[in-house]
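Listing of run04.csv; format and content: CSV, C-alpha atoms.
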chain,number,residue,atom,x,y,z
A,1494,MET,CA,40.5,76.9,13.7
A,1495,PHE,CA,41.5,80.0,15.6
A,1496,GLU,CA,42.7,78.0,18.7
A,1497,ARG,CA,45.5,76.5,16.5
A,1498,PHE,CA,46.9,79.9,15.7
A,1499,SER,CA,50.3,80.8,17.3
A,1500,ARG,CA,50.6,84.1,19.1
A,1501,ASP,CA,52.2,85.8,16.1
A,1502,ALA,CA,49.5,84.4,13.7
A,1503,ARG,CA,46.8,85.7,16.1
A,1504,ALA,CA,48.5,89.1,16.2
A,1505,ALA,CA,48.3,89.2,12.4
A,1506,VAL,CA,44.6,88.5,12.3
A,1507,VAL,CA,43.9,91.0,15.1
A,1508,GLY,CA,46.3,93.5,13.4
A,1509,ALA,CA,44.5,93.2,10.1
A,1510,GLN,CA,41.2,94.0,11.8
A,1511,ALA,CA,42.7,97.0,13.5
A,1512,PHE,CA,44.2,98.2,10.2
A,1513,GLY,CA,40.9,97.7,8.3
A,1514,ARG,CA,39.0,99.6,11.0
A,1515,GLU,CA,41.6,102.4,10.9
A,1516,LEU,CA,41.1,102.8,7.1
A,1517,ARG,CA,37.3,102.6,7.6
A,1518,ALA,CA,37.3,99.6,5.3
A,1519,ARG,CA,34.0,97.8,5.0
A,1520,ARG,CA,35.7,94.4,4.7
A,1521,ILE,CA,39.1,93.0,5.9
A,1522,THR,CA,41.0,92.0,2.8
A,1523,THR,CA,44.0,89.9,2.1
A,1524,GLY,CA,45.8,93.2,1.7
A,1525,HIS,CA,45.1,94.1,5.3
A,1526,LEU,CA,46.2,90.7,6.4
A,1527,LEU,CA,49.4,91.0,4.4
A,1528,TYR,CA,50.2,94.4,6.0
A,1529,ALA,CA,49.6,92.9,9.5
A,1530,VAL,CA,51.9,90.0,8.8
A,1531,ALA,CA,54.6,92.4,7.6
A,1532,ALA,CA,54.2,94.6,10.7
A,1533,GLY,CA,54.9,91.6,13.0
A,1534,GLU,CA,58.1,90.7,14.7
A,1535,ASP,CA,58.5,87.0,13.6
A,1536,ASP,CA,60.1,85.1,10.7
A,1537,ALA,CA,57.3,85.8,8.3
A,1538,ALA,CA,57.7,89.6,8.8
A,1539,ALA,CA,61.5,89.2,8.4
A,1540,ALA,CA,61.0,87.2,5.1
A,1541,LEU,CA,58.7,90.0,3.7
A,1542,ARG,CA,61.1,92.7,4.7
A,1543,ALA,CA,64.0,90.8,3.2
A,1544,ALA,CA,62.0,90.6,-0.1
A,1545,GLY,CA,61.4,94.4,0.0
A,1546,ALA,CA,57.8,94.4,1.2
A,1547,THR,CA,58.1,96.6,4.3
A,1548,PRO,CA,55.0,97.6,6.2
A,1549,ILE,CA,55.4,101.2,5.1
A,1550,ARG,CA,55.5,100.3,1.4
A,1551,LEU,CA,52.5,98.0,1.8
A,1552,ARG,CA,50.5,100.5,3.7
A,1553,ASP,CA,51.1,103.2,1.0
A,1554,ALA,CA,50.1,100.8,-1.7
A,1555,ILE,CA,46.9,99.7,0.1
A,1556,GLU,CA,45.9,103.3,0.8
A,1557,ARG,CA,46.4,104.3,-2.8
A,1558,GLY,CA,44.5,101.3,-4.0
A,1559,ALA,CA,41.5,101.9,-1.8
A,1560,ALA,CA,39.6,103.8,-4.5
A,1561,ASP,CA,35.9,104.7,-3.9
A,1562,PRO,CA,33.9,101.5,-4.5
A,1563,LEU,CA,31.0,103.7,-5.6
A,1564,ASP,CA,33.1,104.8,-8.6
A,1565,PRO,CA,31.3,108.1,-9.4
A,1566,GLU,CA,32.9,108.3,-12.9
A,1567,ALA,CA,31.6,104.9,-14.0
A,1568,LEU,CA,28.1,105.6,-12.6
A,1569,ARG,CA,28.1,108.9,-14.4
A,1570,ALA,CA,28.8,107.0,-17.6
A,1571,ILE,CA,25.5,105.1,-17.3
A,1572,GLY,CA,23.6,108.2,-16.3
A,1573,VAL,CA,23.6,107.9,-12.5
A,1574,ASP,CA,24.4,111.0,-10.7
A,1575,LEU,CA,26.0,109.8,-7.5
A,1576,ALA,CA,26.0,113.2,-5.9
A,1577,ALA,CA,22.2,113.4,-6.3
A,1578,VAL,CA,21.8,109.9,-4.8
A,1579,ARG,CA,24.1,110.9,-1.9
A,1580,ASP,CA,22.1,114.1,-1.3
A,1581,ALA,CA,18.8,112.2,-1.2
A,1582,ALA,CA,20.3,109.6,1.2
A,1583,GLU,CA,21.7,112.3,3.5
A,1584,ALA,CA,18.4,114.3,3.5
A,1585,GLU,CA,16.6,111.2,4.8
A,1586,PHE,CA,19.3,109.5,6.9
A,1587,GLY,CA,21.7,112.2,8.0
A,1588,PRO,CA,25.2,113.4,6.9
A,1589,GLY,CA,27.5,110.7,5.7
A,1590,ALA,CA,24.7,108.1,5.6
A,1591,LEU,CA,25.8,106.6,2.3
A,1592,ASP,CA,29.5,106.6,3.2
A,1593,ALA,CA,29.5,105.5,6.8
A,1594,PRO,CA,30.5,101.9,7.4
A,1595,ASP,CA,27.3,99.8,7.8
A,1596,ALA,CA,26.3,100.6,11.3
A,1597,SER,CA,23.1,98.6,11.3
A,1598,GLY,CA,24.6,95.1,10.7
A,1599,PRO,CA,27.4,93.1,12.3
A,1600,TYR,CA,29.8,96.1,11.8
A,1601,ARG,CA,28.3,97.8,14.8
A,1602,LEU,CA,29.4,95.0,17.1
A,1603,ARG,CA,32.6,93.6,15.6
A,1604,GLY,CA,33.9,96.2,13.1
A,1605,PRO,CA,34.5,95.2,9.5
A,1606,VAL,CA,34.1,91.5,8.8
A,1607,PHE,CA,36.6,89.4,6.8
A,1608,ALA,CA,36.1,89.4,3.0
A,1609,ASP,CA,35.6,86.0,1.4
A,1610,ASP,CA,39.1,85.9,-0.1
A,1611,ALA,CA,40.6,86.8,3.3
A,1612,LYS,CA,38.7,83.9,4.9
A,1613,LYS,CA,39.9,81.6,2.1
A,1614,ALA,CA,43.5,82.7,2.7
A,1615,LEU,CA,43.1,81.8,6.4
A,1616,GLU,CA,41.7,78.4,5.4
A,1617,LEU,CA,44.6,77.9,3.1
A,1618,SER,CA,47.0,78.7,5.9
A,1619,LEU,CA,45.5,75.9,7.9
A,1620,ARG,CA,45.9,73.5,5.0
A,1621,GLN,CA,49.5,74.6,4.6
A,1622,THR,CA,50.1,73.8,8.3
A,1623,LEU,CA,48.5,70.3,8.0
A,1624,LYS,CA,50.4,69.6,4.8
A,1625,ALA,CA,53.7,70.4,6.5
A,1626,ARG,CA,52.6,68.2,9.5
A,1627,GLN,CA,52.9,71.1,11.8
A,1628,LYS,CA,50.6,71.7,14.8
A,1629,ARG,CA,50.4,75.4,15.2
A,1630,ILE,CA,49.4,77.9,12.5
A,1631,GLU,CA,52.3,80.3,12.4
A,1632,ALA,CA,52.3,83.8,10.9
A,1633,GLY,CA,54.4,82.2,8.1
A,1634,HIS,CA,51.5,79.8,7.3
A,1635,VAL,CA,49.2,82.8,7.1
A,1636,LEU,CA,51.6,84.4,4.7
A,1637,LEU,CA,51.8,81.2,2.6
A,1638,GLY,CA,48.0,81.2,2.5
A,1639,LEU,CA,48.0,84.8,1.3
A,1640,ILE,CA,50.4,84.1,-1.6
A,1641,GLN,CA,48.8,80.8,-2.7
A,1642,ASP,CA,46.1,82.1,-5.0
A,1643,GLU,CA,47.3,84.7,-7.5
A,1644,ARG,CA,43.8,86.3,-7.6
A,1645,PHE,CA,44.3,87.6,-4.1
A,1646,ALA,CA,44.9,91.3,-3.7
A,1647,SER,CA,47.9,90.3,-1.4
A,1648,VAL,CA,49.6,88.7,-4.4
A,1649,ARG,CA,49.0,91.7,-6.5
A,1650,LEU,CA,50.4,94.1,-3.8
A,1651,LEU,CA,53.6,92.0,-3.6
A,1652,THR,CA,54.1,91.7,-7.3
A,1653,GLU,CA,53.6,95.5,-7.7
A,1654,ALA,CA,56.2,96.0,-4.9
A,1655,GLY,CA,58.6,94.0,-7.1
A,1656,VAL,CA,58.6,90.9,-4.9
A,1657,ASP,CA,59.4,87.5,-6.5
A,1658,VAL,CA,56.5,85.6,-5.0
A,1659,ALA,CA,57.9,82.1,-5.7
A,1660,ALA,CA,61.2,83.0,-4.0
A,1661,LEU,CA,59.3,84.4,-1.1
A,1662,ARG,CA,57.3,81.2,-0.8
A,1663,ALA,CA,60.5,79.2,-0.8
A,1664,ASP,CA,62.1,81.5,1.9
A,1665,VAL,CA,59.0,81.3,4.2
A,1666,THR,CA,58.8,77.5,3.8
A,1667,THR,CA,62.5,77.1,4.7
A,1668,ARG,CA,62.1,79.4,7.8
A,1669,LEU,CA,59.0,77.5,8.9
A,1670,ARG,CA,60.8,74.2,8.6
A,1671,ALA,CA,63.8,75.5,10.5
A,1672,ALA,CA,61.6,76.8,13.3
A,1673,ALA,CA,59.5,73.6,13.7
B,90,MET,CA,20.7,115.7,-20.1
B,91,SER,CA,24.1,117.4,-20.1
B,92,ASP,CA,26.6,117.0,-22.9
B,93,GLY,CA,29.1,115.5,-20.4
B,94,VAL,CA,26.7,112.7,-19.6
B,95,THR,CA,25.9,112.1,-23.3
B,96,LEU,CA,29.6,112.0,-24.2
B,97,ALA,CA,30.3,109.7,-21.3
B,98,ARG,CA,27.5,107.4,-22.4
B,99,GLU,CA,28.8,107.1,-25.9
B,100,ALA,CA,32.3,106.4,-24.5
B,101,SER,CA,31.0,103.7,-22.2
B,102,SER,CA,29.1,102.0,-25.0
B,103,ARG,CA,32.5,101.5,-26.6
B,104,ASP,CA,34.3,100.4,-23.5
B,105,PRO,CA,32.9,97.4,-21.7
B,106,ALA,CA,35.3,98.1,-18.8
B,107,VAL,CA,33.5,101.3,-17.9
B,108,GLY,CA,30.1,99.6,-18.2
B,109,LEU,CA,31.2,96.7,-16.0
B,110,ARG,CA,32.7,99.1,-13.4
B,111,ALA,CA,29.4,100.9,-13.3
B,112,VAL,CA,27.5,97.6,-12.7
B,113,ARG,CA,29.8,96.8,-9.8
B,114,ALA,CA,29.4,100.3,-8.4
B,115,LEU,CA,25.6,100.0,-8.7
B,116,ARG,CA,25.6,96.8,-6.7
B,117,GLU,CA,27.6,98.5,-4.0
B,118,LEU,CA,25.3,101.5,-4.1
B,119,ALA,CA,22.2,99.2,-4.0
B,120,ASP,CA,23.7,97.4,-1.0
B,121,ARG,CA,24.3,100.6,0.9
B,122,LEU,CA,20.8,102.0,0.1
B,123,GLU,CA,19.3,98.7,1.2
B,124,ASN,CA,21.1,98.8,4.6
B,125,LEU,CA,19.9,102.4,5.1
B,126,GLN,CA,16.3,101.7,4.1
B,127,VAL,CA,16.0,98.4,6.0
B,128,ALA,CA,17.3,100.1,9.2
B,129,GLY,CA,14.9,103.0,8.7
B,130,ALA,CA,12.0,100.6,8.2
B,131,ARG,CA,12.9,98.6,11.3
B,132,GLU,CA,13.1,101.9,13.3
B,133,ARG,CA,9.6,102.7,12.1
B,134,GLY,CA,8.4,99.3,13.3
B,135,TRP,CA,8.2,97.4,10.1
B,136,THR,CA,8.3,93.6,10.5
B,137,TRP,CA,10.8,91.5,8.7
B,138,GLN,CA,8.0,90.1,6.6
B,139,GLU,CA,6.9,93.5,5.5
B,140,ILE,CA,10.4,94.5,4.5
B,141,ALA,CA,10.9,91.2,2.7
B,142,ASP,CA,7.7,91.7,0.7
B,143,ALA,CA,8.7,95.2,-0.2
B,144,LEU,CA,12.1,94.0,-1.4
B,145,GLY,CA,10.7,91.0,-3.2
B,146,VAL,CA,12.8,88.5,-1.3
B,147,SER,CA,12.1,85.9,1.4
B,148,ARG,CA,11.8,86.8,5.1
B,149,GLN,CA,14.6,84.5,5.9
B,150,ALA,CA,16.9,86.2,3.3
B,151,VAL,CA,16.3,89.7,4.6
B,152,HIS,CA,16.6,88.6,8.3
B,153,LYS,CA,19.8,86.7,7.6
B,154,LYS,CA,21.3,89.7,5.9
B,155,HIS,CA,20.2,92.4,8.2
B,156,GLY,CA,19.1,90.8,11.5
B,157,GLY,CA,22.4,89.5,12.8
B,158,GLY,CA,23.7,92.6,14.5
B,159,ARG,CA,20.6,93.2,16.6
B,160,ARG,CA,20.7,90.0,18.6
B,161,LEU,CA,23.6,89.9,21.0
B,162,GLY,CA,22.6,86.3,21.9
B,163,ARG,CA,23.7,85.1,18.5
B,164,GLU,CA,27.3,86.4,18.9
B,165,LYS,CA,30.0,83.9,19.5

Reformat the file's structure so that it appears as structure tokens.
Amino acid sequence: MFERFSRDARAAVVGAQAFGRELRARRITTGHLLYAVAAGEDDAAAALRAAGATPIRLRDAIERGAADPLDPEALRAIGVDLAAVRDAAEAEFGPGALDAPDASGPYRLRGPVFADDAKKALELSLRQTLKARQKRIEAGHVLLGLIQDERFASVRLLTEAGVDVAALRADVTTRLRAAA
Amino acid sequence: MSDGVTLAREASSRDPAVGLRAVRALRELADRLENLQVAGARERGWTWQEIADALGVSRQAVHKKHGGGRRLGREK
């Protein structure tokens, strides 16, 4: 599938990986992909900016939303002392053992892997391309994939930024058609 | 048991959201501990079969989850 990606769409995928690695994320999410599309220089980035979703705003929202997945408060509520577990893990495996990205698995070679919904969004971008009878997957198709399923974090980020997702979809579709 | 924990427990029994968040966090915690322990066992020379037996899963399952990064030949 990747060989059908345009230069800009590839840049978005590679940019999402770089962004995820920078944030020390364990998985590349639809949010990371959305940020990378917005940070591009093509029509999709222009559509996002026109809708008010600038890379800086998205970046802030993603960083704020990246709460600790170990959720110490919730664990405490069921009687698990995360600090004690962390101490025990560090005593055996070294400082930061529990919080370091998984260094034993695929992470070590490739960095964070794509989360399931991010993979799904990329598959949807291929389907959007086929549906529009276009050959190459543009960054705009990736963006359409990212806003197709409202359960995606990318849709939530846009909604929270005050973006009208339906209007964005129409704008991106028009721009793709004009460019084809 | 501290009062804080008791209070928090009572609160969580009334709020499923907290309990569910805790379940999710426990899964993440278990995953991370599994990664550490499996890597530690491999360094000490445990076989995949021994690790699988200890975890109560199949050898294939444990190898699929933890074995990928160690074989460069499998990379695309």

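Nearest to chain A of all the residues B:Glu117, B:Asp104, B:Glu123, B:Glu132 is B:Glu117, counting all atoms listed in the file.
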
Legend entry - atom CA of A:Val1635 to atom CA of A:Ala1538, straight-line distance in Å: 11.0 Å

Inset, instruction - Check the smallest atom-to-atom distance from each of A:Ala1532, A:Asp1561, A:Phe1495, A:Arg1514 to chain B using all atoms listed in the file, then report the winner. - result: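 The shortest atom-to-atom distance to chain B comes from A:Asp1561.
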
Inset, instruction - Measure the distance from atom CA of A:Gln1641 to atom CA of A:Glu1496 in Å and round it to one decimal. - result: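 Value for the atom CA of A:Gln1641-atom CA of A:Glu1496 distance: 22.4 Å.
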
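You can rank B:His155, B:Gly145, B:Gln138, B:Arg116 by their closest distance to chain A using all atoms listed in the file, and at the top of that list sits B:His155.
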
Inset, instruction - Choose the residue, out of A:Ile1555, A:Val1573, A:Val1506, A:Val1648, that has the smallest atom-to-atom separation from chain B; count all atoms listed in the file. - result: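 For chain B, the nearest of the given residues is A:Val1573.
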
Contacts of stretch 1603-1614 of chain A at 10 Å (all atoms listed in the file; same-chain gap of 3+ positions) as a CSV table (one decimal) with C-alpha atoms, in the coordinates of the input:
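The result, stored in selection-v4.csv:
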chain,number,residue,atom,x,y,z
A,1506,VAL,CA,44.6,88.5,12.3
A,1509,ALA,CA,44.5,93.2,10.1
A,1510,GLN,CA,41.2,94.0,11.8
A,1511,ALA,CA,42.7,97.0,13.5
A,1513,GLY,CA,40.9,97.7,8.3
A,1514,ARG,CA,39.0,99.6,11.0
A,1517,ARG,CA,37.3,102.6,7.6
A,1518,ALA,CA,37.3,99.6,5.3
A,1519,ARG,CA,34.0,97.8,5.0
A,1520,ARG,CA,35.7,94.4,4.7
A,1521,ILE,CA,39.1,93.0,5.9
A,1522,THR,CA,41.0,92.0,2.8
A,1523,THR,CA,44.0,89.9,2.1
A,1524,GLY,CA,45.8,93.2,1.7
A,1525,HIS,CA,45.1,94.1,5.3
A,1526,LEU,CA,46.2,90.7,6.4
A,1527,LEU,CA,49.4,91.0,4.4
A,1594,PRO,CA,30.5,101.9,7.4
A,1595,ASP,CA,27.3,99.8,7.8
A,1596,ALA,CA,26.3,100.6,11.3
A,1598,GLY,CA,24.6,95.1,10.7
A,1599,PRO,CA,27.4,93.1,12.3
A,1600,TYR,CA,29.8,96.1,11.8
A,1617,LEU,CA,44.6,77.9,3.1
A,1618,SER,CA,47.0,78.7,5.9
A,1619,LEU,CA,45.5,75.9,7.9
A,1620,ARG,CA,45.9,73.5,5.0
A,1634,HIS,CA,51.5,79.8,7.3
A,1635,VAL,CA,49.2,82.8,7.1
A,1636,LEU,CA,51.6,84.4,4.7
A,1637,LEU,CA,51.8,81.2,2.6
A,1638,GLY,CA,48.0,81.2,2.5
A,1639,LEU,CA,48.0,84.8,1.3
A,1640,ILE,CA,50.4,84.1,-1.6
A,1641,GLN,CA,48.8,80.8,-2.7
A,1642,ASP,CA,46.1,82.1,-5.0
A,1644,ARG,CA,43.8,86.3,-7.6
A,1645,PHE,CA,44.3,87.6,-4.1
A,1646,ALA,CA,44.9,91.3,-3.7
A,1647,SER,CA,47.9,90.3,-1.4
B,158,GLY,CA,23.7,92.6,14.5
B,164,GLU,CA,27.3,86.4,18.9

Inset, instruction - One decimal, Å: what's the distance from atom CA of B:Arg110 over to atom CA of A:Ala1577, could you say? - result: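 Computed distance, atom CA of B:Arg110 to atom CA of A:Ala1577, equals 19.1 Å.
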
Legend entry - Close residues, A:Glu1566 itself excluded, 9 Å, all atoms listed in the file, min 3 positions apart in chain, as a PyMOL selection string: (chain A and resi 1563+1569-1570+1575) or (chain B and resi 97+107+111)

Inset, instruction - Compile the contact shell of A:Arg1579 as a ChimeraX atom specification: residues with an atom at most 10 Å away, counting only C-alpha atoms, same-chain residues fewer than 6 positions apart removed. - result: /A:1588-1592 /B:118,122

Inset, instruction - Compile the contact shell of A:Ala1625 as a list in words: residues with an atom at most 10 Å away, counting all atoms listed in the file, same-chain residues fewer than 2 positions apart removed. - result: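 Selected residues are Leu1619, Arg1620, Gln1621, Thr1622, Leu1623, Gln1627, Lys1628, His1634, Thr1666, Leu1669, Arg1670 and Ala1673 of chain A.
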
Could N, CA, C and O atoms be built for stretch 106-127 of chain B and written out as a compact mmCIF listing (two decimals), in the frame of the given file?
# COMPACT_ATOMS: atom_id res chain seq x y z
N ALA B 106 34.74 97.97 -20.14
CA ALA B 106 35.30 98.10 -18.80
C ALA B 106 34.57 99.14 -17.98
O ALA B 106 34.33 98.94 -16.78
N VAL B 107 34.19 100.25 -18.62
CA VAL B 107 33.50 101.30 -17.90
C VAL B 107 32.08 100.81 -17.51
O VAL B 107 31.63 100.99 -16.37
N GLY B 108 31.41 100.15 -18.45
CA GLY B 108 30.10 99.60 -18.20
C GLY B 108 30.10 98.61 -17.03
O GLY B 108 29.24 98.63 -16.15
N LEU B 109 31.10 97.75 -17.03
CA LEU B 109 31.20 96.70 -16.00
C LEU B 109 31.52 97.36 -14.63
O LEU B 109 30.98 96.95 -13.61
N ARG B 110 32.40 98.37 -14.66
CA ARG B 110 32.70 99.10 -13.40
C ARG B 110 31.42 99.72 -12.86
O ARG B 110 31.18 99.74 -11.65
N ALA B 111 30.61 100.25 -13.77
CA ALA B 111 29.40 100.90 -13.30
C ALA B 111 28.42 99.87 -12.71
O ALA B 111 27.78 100.16 -11.69
N VAL B 112 28.37 98.67 -13.28
CA VAL B 112 27.50 97.60 -12.70
C VAL B 112 27.96 97.28 -11.31
O VAL B 112 27.16 97.16 -10.38
N ARG B 113 29.27 97.16 -11.15
CA ARG B 113 29.80 96.80 -9.80
C ARG B 113 29.49 97.96 -8.83
O ARG B 113 29.10 97.68 -7.69
N ALA B 114 29.67 99.20 -9.27
CA ALA B 114 29.40 100.30 -8.40
C ALA B 114 27.90 100.39 -8.03
O ALA B 114 27.53 100.71 -6.90
N LEU B 115 27.05 100.04 -9.00
CA LEU B 115 25.60 100.00 -8.70
C LEU B 115 25.24 99.00 -7.69
O LEU B 115 24.39 99.23 -6.84
N ARG B 116 25.90 97.83 -7.76
CA ARG B 116 25.60 96.80 -6.70
C ARG B 116 26.00 97.29 -5.36
O ARG B 116 25.25 97.11 -4.39
N GLU B 117 27.17 97.94 -5.28
CA GLU B 117 27.60 98.50 -4.00
C GLU B 117 26.63 99.55 -3.51
O GLU B 117 26.25 99.57 -2.34
N LEU B 118 26.22 100.39 -4.45
CA LEU B 118 25.30 101.50 -4.10
C LEU B 118 23.96 100.88 -3.63
O LEU B 118 23.40 101.31 -2.62
N ALA B 119 23.46 99.87 -4.34
CA ALA B 119 22.20 99.20 -4.00
C ALA B 119 22.31 98.60 -2.57
O ALA B 119 21.39 98.70 -1.75
N ASP B 120 23.45 97.98 -2.29
CA ASP B 120 23.70 97.40 -1.00
C ASP B 120 23.58 98.41 0.14
O ASP B 120 22.96 98.19 1.17
N ARG B 121 24.25 99.54 -0.11
CA ARG B 121 24.30 100.60 0.90
C ARG B 121 22.90 101.17 1.14
O ARG B 121 22.49 101.43 2.26
N LEU B 122 22.19 101.40 0.02
CA LEU B 122 20.80 102.00 0.10
C LEU B 122 19.92 100.98 0.86
O LEU B 122 19.08 101.36 1.67
N GLU B 123 20.12 99.69 0.55
CA GLU B 123 19.30 98.70 1.20
C GLU B 123 19.52 98.69 2.72
O GLU B 123 18.57 98.65 3.51
N ASN B 124 20.80 98.77 3.12
CA ASN B 124 21.10 98.80 4.60
C ASN B 124 20.40 100.01 5.22
O ASN B 124 19.81 99.86 6.30
N LEU B 125 20.48 101.18 4.58
CA LEU B 125 19.90 102.40 5.10
C LEU B 125 18.35 102.22 5.24
O LEU B 125 17.74 102.51 6.27
N GLN B 126 17.76 101.75 4.13
CA GLN B 126 16.30 101.70 4.10
C GLN B 126 15.76 100.62 5.04
O GLN B 126 14.73 100.83 5.69
N VAL B 127 16.45 99.48 5.12
CA VAL B 127 16.00 98.40 6.00
C VAL B 127 16.07 98.90 7.47
O VAL B 127 15.13 98.73 8.26
